[in-house]
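Participant: Below are the structure tokens for one structure; questions will follow.
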Amino acid sequence: MFLNHKFLSLALYAVLFFGITSCNKDDDSTIPTIASIAVTNSDFSTLEAAAVQGGVAVILSNPNAGDPSGDYTVFAPNNAAFARLGLNTGDDLAVLNDAFLTSTLLYHVSNGNLEGESIVAGSTSASALGPDRRFIQRDGDTYINGSKILATDVKAENGTVHVIDKVLLATGADIVQSALALKDAKVFVVPELSFLVEALIYADLVGALVAAPGSPSFTVFAPTDAAFKQLGVDLGVALEVPADIRKLPKETIAAVLLNHVVADGGKFTSEMSDNTVMPLGGTALTLGAFTNGVLSVKGKTNAIVANMVIPDVQTTNGIVHVIDRVLLP
Amino acid sequence: MKKVCFFSTIACVVLSFSVQAQSPLSGFMNGKGKGTFAVSHSFERYDEVLLVPNDAKGVPVFEEVTINSSSLYASYGLSDRFDVVLGLPYIKTEGNASQTVLNELGYENERSGVQDLSMFVKYNPLSLELGESRLHFIVGAGLKTPLGDYKVDEGLQSILAIGNRATSFNGLAIAQLQTSSGVFLTTQAGYSLRNNEVPNALMGEIKVGYAGSRFYADVWYAGQVSDGGVNILAEGFVGFFPATDVTYNRAGLNVYVPIVGGFGVSGGVSQYLSGRNIGKSTGFSGSLVYSF
């Protein structure tokens with residue numbers, strides 16, 4: 001009968017194959033790679049855009065060829081962390097120099113698996129970029145540099161992800177070179193800290209902030225170009241371009257600059273509290289309360305406090321916090 | 001021997017070749033000396049990407065992808081039992097990235113061109129009578145090969161690639177039950193041997209429909225299971241999308257209405273249901289068909 005016909009079995013095979021196509025391979029046991037976590041978790045949409053623009057999406061999809069474990073540990077800034085720097089979308093990331101974006105991403109990555117419970121306050125961890133990060137304990141929270149660790153041990157196929165509340169920034173260069181990099185649009189595509197660099201050169205203070213073997217490390221409060229322009233307004237001396245700094249006496253500029261440098265070895269916001277600190281110039285600065293990862297700073301004769309616009313930038317000889325006002329002694 | 005599908009028979013042949021249906025071949029034969037030409041347009045859109053293990057809401061870089069495709073089809077019966085079928089699409093895939101992001105990455109929001117030529121033969125070696133119904137067995141074989149010079153190796157830009165540049169040899173087995181009322185049931189299974197790092201794939205489809213004198217309608221459920229391949233953003237992924245394991249289920253429906261002479265029009269919708277390494281598209285299509 002036709003039931004035995006071999007061609008009928010073809011039809012049955014068709015139904016069988018239909019059944020096969022309708023059943024899924026077992027995907028439930030697969031854990032995502034670090035790249036997959038960034039792309040499929042909506043809390044990391046800015047990180048996803050950064051990873052794509054920084055060219056690291058494929059690297060973070062695969063095992064770490066540079067480590068026997070094959071794993072990476074990534075401290076991942078969430079969307080709120082990027083938003084602190086005004087970076088909310090892929091479009092906003094265009095303000096960052098491409099090479100700097102890639103370097104910044106690599107600063108969040110290290111080789112191997114660093115589990116949350118193995119993070120020891122006071123220890124350091126080398127990044128894939130080169131510079132170290134430092135772990136700090138404060139009020140029951142653990143910080144990596146100035147960034148609070150919000151969640152630990154998100155497991156990935158190729159390593160471990162911890163979530164942080166601020167983007168980690170390191171220039172890999174000393175304070176002067178870092179300021180020059182900002183001035184030369186190697187950090188943001190728009191130059192920044194141009195006035196500060198000009199002032200340092202004018203006041204002959206460049207040498208003090210260059211790293212050399214055995215040289216001290218500092219905490220530096222670096223006023224933005226807008227802060228210097230505002231100073232011009234406040235003093236009644238137009239400071240429209242960096243060279244205008246030279247309209248003011250050299251000693252005045254030197255005193256103002258020394259008001260921004262503290263020889264304390266370099267402190268992250270996570271290590272700072274609402275007290276006074278003594279800069280090189282000799283007139284105390286007042287710090288405000290540690291709130292949401294930042295503190296305000298006030299010079300002795302400032303009427304209005306300065307706020308940190310980019311805190312916790314790691315350099316080879318200290319930590320730079322970019323602020324929005326010039327601190328006056 | 002009552003023919004249960006009159007002028008819509010021809011449409012049946014063509015409709016199954018539309019971009020919306022899964023399989024390039026239907027369970028209907030043209031008949032000797034009879035044939036069809038058709039021009040078809042389809043539109044698909046997705047913003048969710050099916051990935052392993054979790055899906056992405058929002059296509060990376062491009063946010064949302066739209067695919068417009070215009071195709072030419074031709075089918076001809078060399079004998080009552082032997083058909084040849086040809087198809088050629090022109091595809092335009094568009095993304096929705098901002099100009100800032102496009103400038104940053106050096107990408108564009110469009111990729112378009114002539115895609116792959118399909119050439120199939122269908123052979124109906126056996127048909128059986130089961131009471132008032134007929135059961136047809138058909139085997140098909142075909143080649144699909146890129147005709148245009150579209151690119152597929154541009155990294156994440158190739159999220160918008162219009163194809164995978166594989167040349168494939170495809171074998172299909174079809175069984176179709178046609179009842180005297182016009183209702184029909186088709187099942188088919190096939191295997192596609194693919195080159196260019198694109199994994200081979202198993203394909204299947206089940207379709208139930210009505211082929212009558214005034215109109216034709218069908219609903220179908222189809223799938224593909226790739227035999228190997230990498231998952232996007234998983235180990236082994238190097239940014240080359242053709243090498244990915246594209247596996248999915250989709251479903252849809254088609255309707256065809258004859259107009260005048262040998263002309264008719266059809267419309268269809270389709271939806272990807274589940275799968276991996278593919279956009280979860282919703283699609284619409286329409287065709288103008290001429291049969292002789």
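Identifiers for the structure tokens are assigned positionally: chains receive A, B, ... in sequence, residues are indexed from 1 per chain, and ligands are indexed from 1 in the order shown.
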DSSP on the backbone, then: every residue of segment 151-202 of chain A marked strand (DSSP E or B), written as a short mmCIF file (atom, residue, chain, number, x, y, z; two decimals) with N, CA and C atoms, in the first residue's frame.
Facilitator:
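For reference, part-v8.cif as written:
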```
data_model
loop_
_atom_site.label_atom_id
_atom_site.label_comp_id
_atom_site.auth_asym_id
_atom_site.auth_seq_id
_atom_site.Cartn_x
_atom_site.Cartn_y
_atom_site.Cartn_z
N ALA A 151 28.05 46.98 41.90
CA ALA A 151 27.67 45.56 41.86
C ALA A 151 28.89 44.78 41.43
N THR A 152 29.03 43.58 41.97
CA THR A 152 30.21 42.78 41.63
C THR A 152 29.79 41.45 41.02
N ASP A 153 30.77 40.84 40.34
CA ASP A 153 30.67 39.45 39.91
C ASP A 153 29.52 39.15 38.96
N VAL A 154 29.32 40.02 37.98
CA VAL A 154 28.40 39.64 36.89
C VAL A 154 29.21 38.70 36.01
N LYS A 155 28.80 37.43 35.94
CA LYS A 155 29.60 36.40 35.26
C LYS A 155 29.46 36.51 33.75
N ALA A 156 30.59 36.45 33.07
CA ALA A 156 30.58 36.43 31.61
C ALA A 156 31.33 35.21 31.13
N GLY A 159 34.97 36.17 31.35
CA GLY A 159 35.47 36.90 32.50
C GLY A 159 34.40 37.38 33.47
N THR A 160 34.70 38.49 34.12
CA THR A 160 33.85 39.00 35.19
C THR A 160 33.63 40.49 34.99
N VAL A 161 32.41 40.95 35.29
CA VAL A 161 32.09 42.36 35.17
C VAL A 161 31.66 42.90 36.54
N HIS A 162 32.22 44.04 36.92
CA HIS A 162 31.75 44.77 38.11
C HIS A 162 31.23 46.10 37.61
N VAL A 163 30.16 46.60 38.23
CA VAL A 163 29.54 47.84 37.77
C VAL A 163 30.03 49.02 38.61
N ILE A 164 30.39 50.13 37.96
CA ILE A 164 30.87 51.31 38.70
C ILE A 164 30.09 52.55 38.32
N LEU A 169 39.37 57.38 34.57
CA LEU A 169 40.16 58.16 33.60
C LEU A 169 41.63 58.12 33.99
N ALA A 170 42.48 57.80 33.05
CA ALA A 170 43.93 57.84 33.29
C ALA A 170 44.60 58.32 32.02
N PHE A 188 39.57 65.56 24.56
CA PHE A 188 38.34 65.98 23.91
C PHE A 188 38.71 66.57 22.56
#
```
Participant: Would you write out, as a tab-separated table, a table of all residues in chain B that have an atom no more than 9 Å from an atom of chain A, listing for each the closest atom pair and the distance in Å to one decimal, considering only C-alpha atoms and ordering rows by chain and rising residue number?
Facilitator:
```
residue	atom	partner	partner_atom	distance
B:Leu51	CA	A:Ser36	CA	8.6
B:Val52	CA	A:Asp27	CA	6.7
B:Pro53	CA	A:Thr30	CA	5.9
B:Asn54	CA	A:Thr40	CA	6.3
B:Asp55	CA	A:Thr40	CA	6.0
B:Ala56	CA	A:Thr40	CA	4.4
B:Lys57	CA	A:Thr40	CA	6.9
B:Gly58	CA	A:Thr40	CA	8.8
B:Pro60	CA	A:Val39	CA	7.2
B:Val61	CA	A:Ala49	CA	7.2
B:Ser98	CA	A:Asp91	CA	7.3
B:Gln99	CA	A:Asp91	CA	8.5
B:Thr100	CA	A:Asp91	CA	5.6
B:Val101	CA	A:Asp91	CA	5.6
B:Asn103	CA	A:Ala94	CA	8.8
B:Glu104	CA	A:Ala94	CA	6.4
B:Leu105	CA	A:Gln53	CA	6.4
B:Leu126	CA	A:Phe7	CA	8.2
B:Leu128	CA	A:Phe2	CA	8.3
B:Phe137	CA	A:Phe7	CA	6.8
B:Leu156	CA	A:Val52	CA	8.5
B:Ala173	CA	A:Leu10	CA	6.7
B:Ile174	CA	A:Ala11	CA	6.6
B:Ala175	CA	A:Ala11	CA	5.1
B:Gln176	CA	A:Ala11	CA	8.2
B:Thr186	CA	A:Ala11	CA	8.9
B:Thr187	CA	A:Ala14	CA	5.7
B:Gln188	CA	A:Ala14	CA	4.8
B:Ala189	CA	A:Ala14	CA	4.6
B:Gly190	CA	A:Ala14	CA	8.0
B:Leu202	CA	A:Thr21	CA	7.7
B:Met203	CA	A:Thr21	CA	7.1
B:Gly204	CA	A:Phe18	CA	4.8
B:Glu205	CA	A:Phe18	CA	6.0
B:Ile206	CA	A:Phe18	CA	7.0
B:Tyr221	CA	A:Phe18	CA	8.6
B:Ala222	CA	A:Phe18	CA	7.2
B:Gly223	CA	A:Thr21	CA	5.2
B:Gln224	CA	A:Thr21	CA	5.8
B:Val225	CA	A:Thr21	CA	5.8
B:Ile232	CA	A:Ser61	CA	8.3
B:Leu233	CA	A:Ser61	CA	4.8
B:Ala234	CA	A:Ser61	CA	5.0
B:Glu235	CA	A:Asn62	CA	4.5
B:Gly236	CA	A:Asn62	CA	6.3
B:Phe237	CA	A:Ser61	CA	6.8
B:Val238	CA	A:Val58	CA	5.8
B:Gly239	CA	A:Val58	CA	6.4
B:Thr247	CA	A:Thr21	CA	8.2
B:Tyr248	CA	A:Thr21	CA	7.5
B:Asn249	CA	A:Ser22	CA	6.3
B:Ser274	CA	A:Asn24	CA	8.6
B:Gly275	CA	A:Asn24	CA	7.5
```
Participant: Which neighbours of Ala166 of chain B fall inside 7 Å, counting only C-alpha atoms, when residues of the same chain fewer than 4 positions from it are skipped, and could you give them as a list of chain:residue names?
Facilitator: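 So the residues in contact are B:Thr145, B:Pro146, B:Arg194, B:Asn195, B:Asn196, B:Val198.
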Participant: Would you save the residues of that selection, restricted to N, CA and C atoms, as a PDB file, in the first residue's frame?
Facilitator:
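Output file result_7.pdb follows:
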```pdb
ATOM      1  N   THR B 145      23.325  31.979  -6.215  1.00  0.00           N
ATOM      2  CA  THR B 145      24.676  32.520  -6.232  1.00  0.00           C
ATOM      3  C   THR B 145      24.658  34.036  -6.345  1.00  0.00           C
ATOM      4  N   PRO B 146      25.577  34.726  -5.703  1.00  0.00           N
ATOM      5  CA  PRO B 146      25.549  36.189  -5.765  1.00  0.00           C
ATOM      6  C   PRO B 146      25.807  36.684  -7.189  1.00  0.00           C
ATOM      7  N   ARG B 194      26.363  25.379   1.674  1.00  0.00           N
ATOM      8  CA  ARG B 194      26.769  26.766   1.457  1.00  0.00           C
ATOM      9  C   ARG B 194      28.271  26.923   1.573  1.00  0.00           C
ATOM     10  N   ASN B 195      28.831  27.878   0.848  1.00  0.00           N
ATOM     11  CA  ASN B 195      30.277  28.083   0.916  1.00  0.00           C
ATOM     12  C   ASN B 195      30.593  29.402   1.591  1.00  0.00           C
ATOM     13  N   ASN B 196      31.869  29.812   1.498  1.00  0.00           N
ATOM     14  CA  ASN B 196      32.208  31.156   1.976  1.00  0.00           C
ATOM     15  C   ASN B 196      32.071  31.333   3.476  1.00  0.00           C
ATOM     16  N   VAL B 198      29.801  30.390   5.291  1.00  0.00           N
ATOM     17  CA  VAL B 198      28.410  30.368   5.726  1.00  0.00           C
ATOM     18  C   VAL B 198      28.044  28.919   6.045  1.00  0.00           C
TER      19      VAL B 198
END
```
Participant: Within 10 Å of Glu240 of chain A, counting only C-alpha atoms, which residues show up once you throw out same-chain ones fewer than 6 positions away? Write them as a list in words, please.
Facilitator: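 Contacts, with the query itself left out: Phe195, Asp225, Ala226, Phe228, Lys229, Gln230, Gly232 and Val233 of chain A.
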Participant: Find the residues near segment 240-245 of chain B: any atom within 9 Å, counting only C-alpha atoms, skip ones fewer than 4 places away on the same chain, and give them as a VMD selection string.
Facilitator: chain B and resid 152 to 156 158 to 159 161 163 to 166 196 to 199 225 to 232 276 to 277
Participant: Could you check the closest approach to Ile67 of chain B for each of B:Ile91, B:Val257, B:Val208, B:Ala201 and tell me which residue wins, using only C-alpha atoms?
Facilitator: B:Ile91
Participant: So how far away is atom CA of Ala173 of chain A from atom CA of His260 of chain A, in Å?
Facilitator: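 Result for atom CA of His260 of chain A versus atom CA of Ala173 of chain A: 19.0 Å, one decimal.
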Participant: From the DSSP assignment of the backbone, select every residue of segment 13-255 of chain B that is alpha helix (DSSP H), and format the answer as JSON, numbers by chain.
Facilitator: {"B": [13, 14, 15, 99, 100, 101, 102, 103, 104, 105]}
Participant: Considering only C-alpha atoms, state which residue in the set B:Leu253, B:Met119, B:Leu86, B:Val49 is at the smallest distance from Gln271 of chain B.
Facilitator: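 Of the candidates, the smallest distance to Gln271 of chain B is held by B:Leu253.
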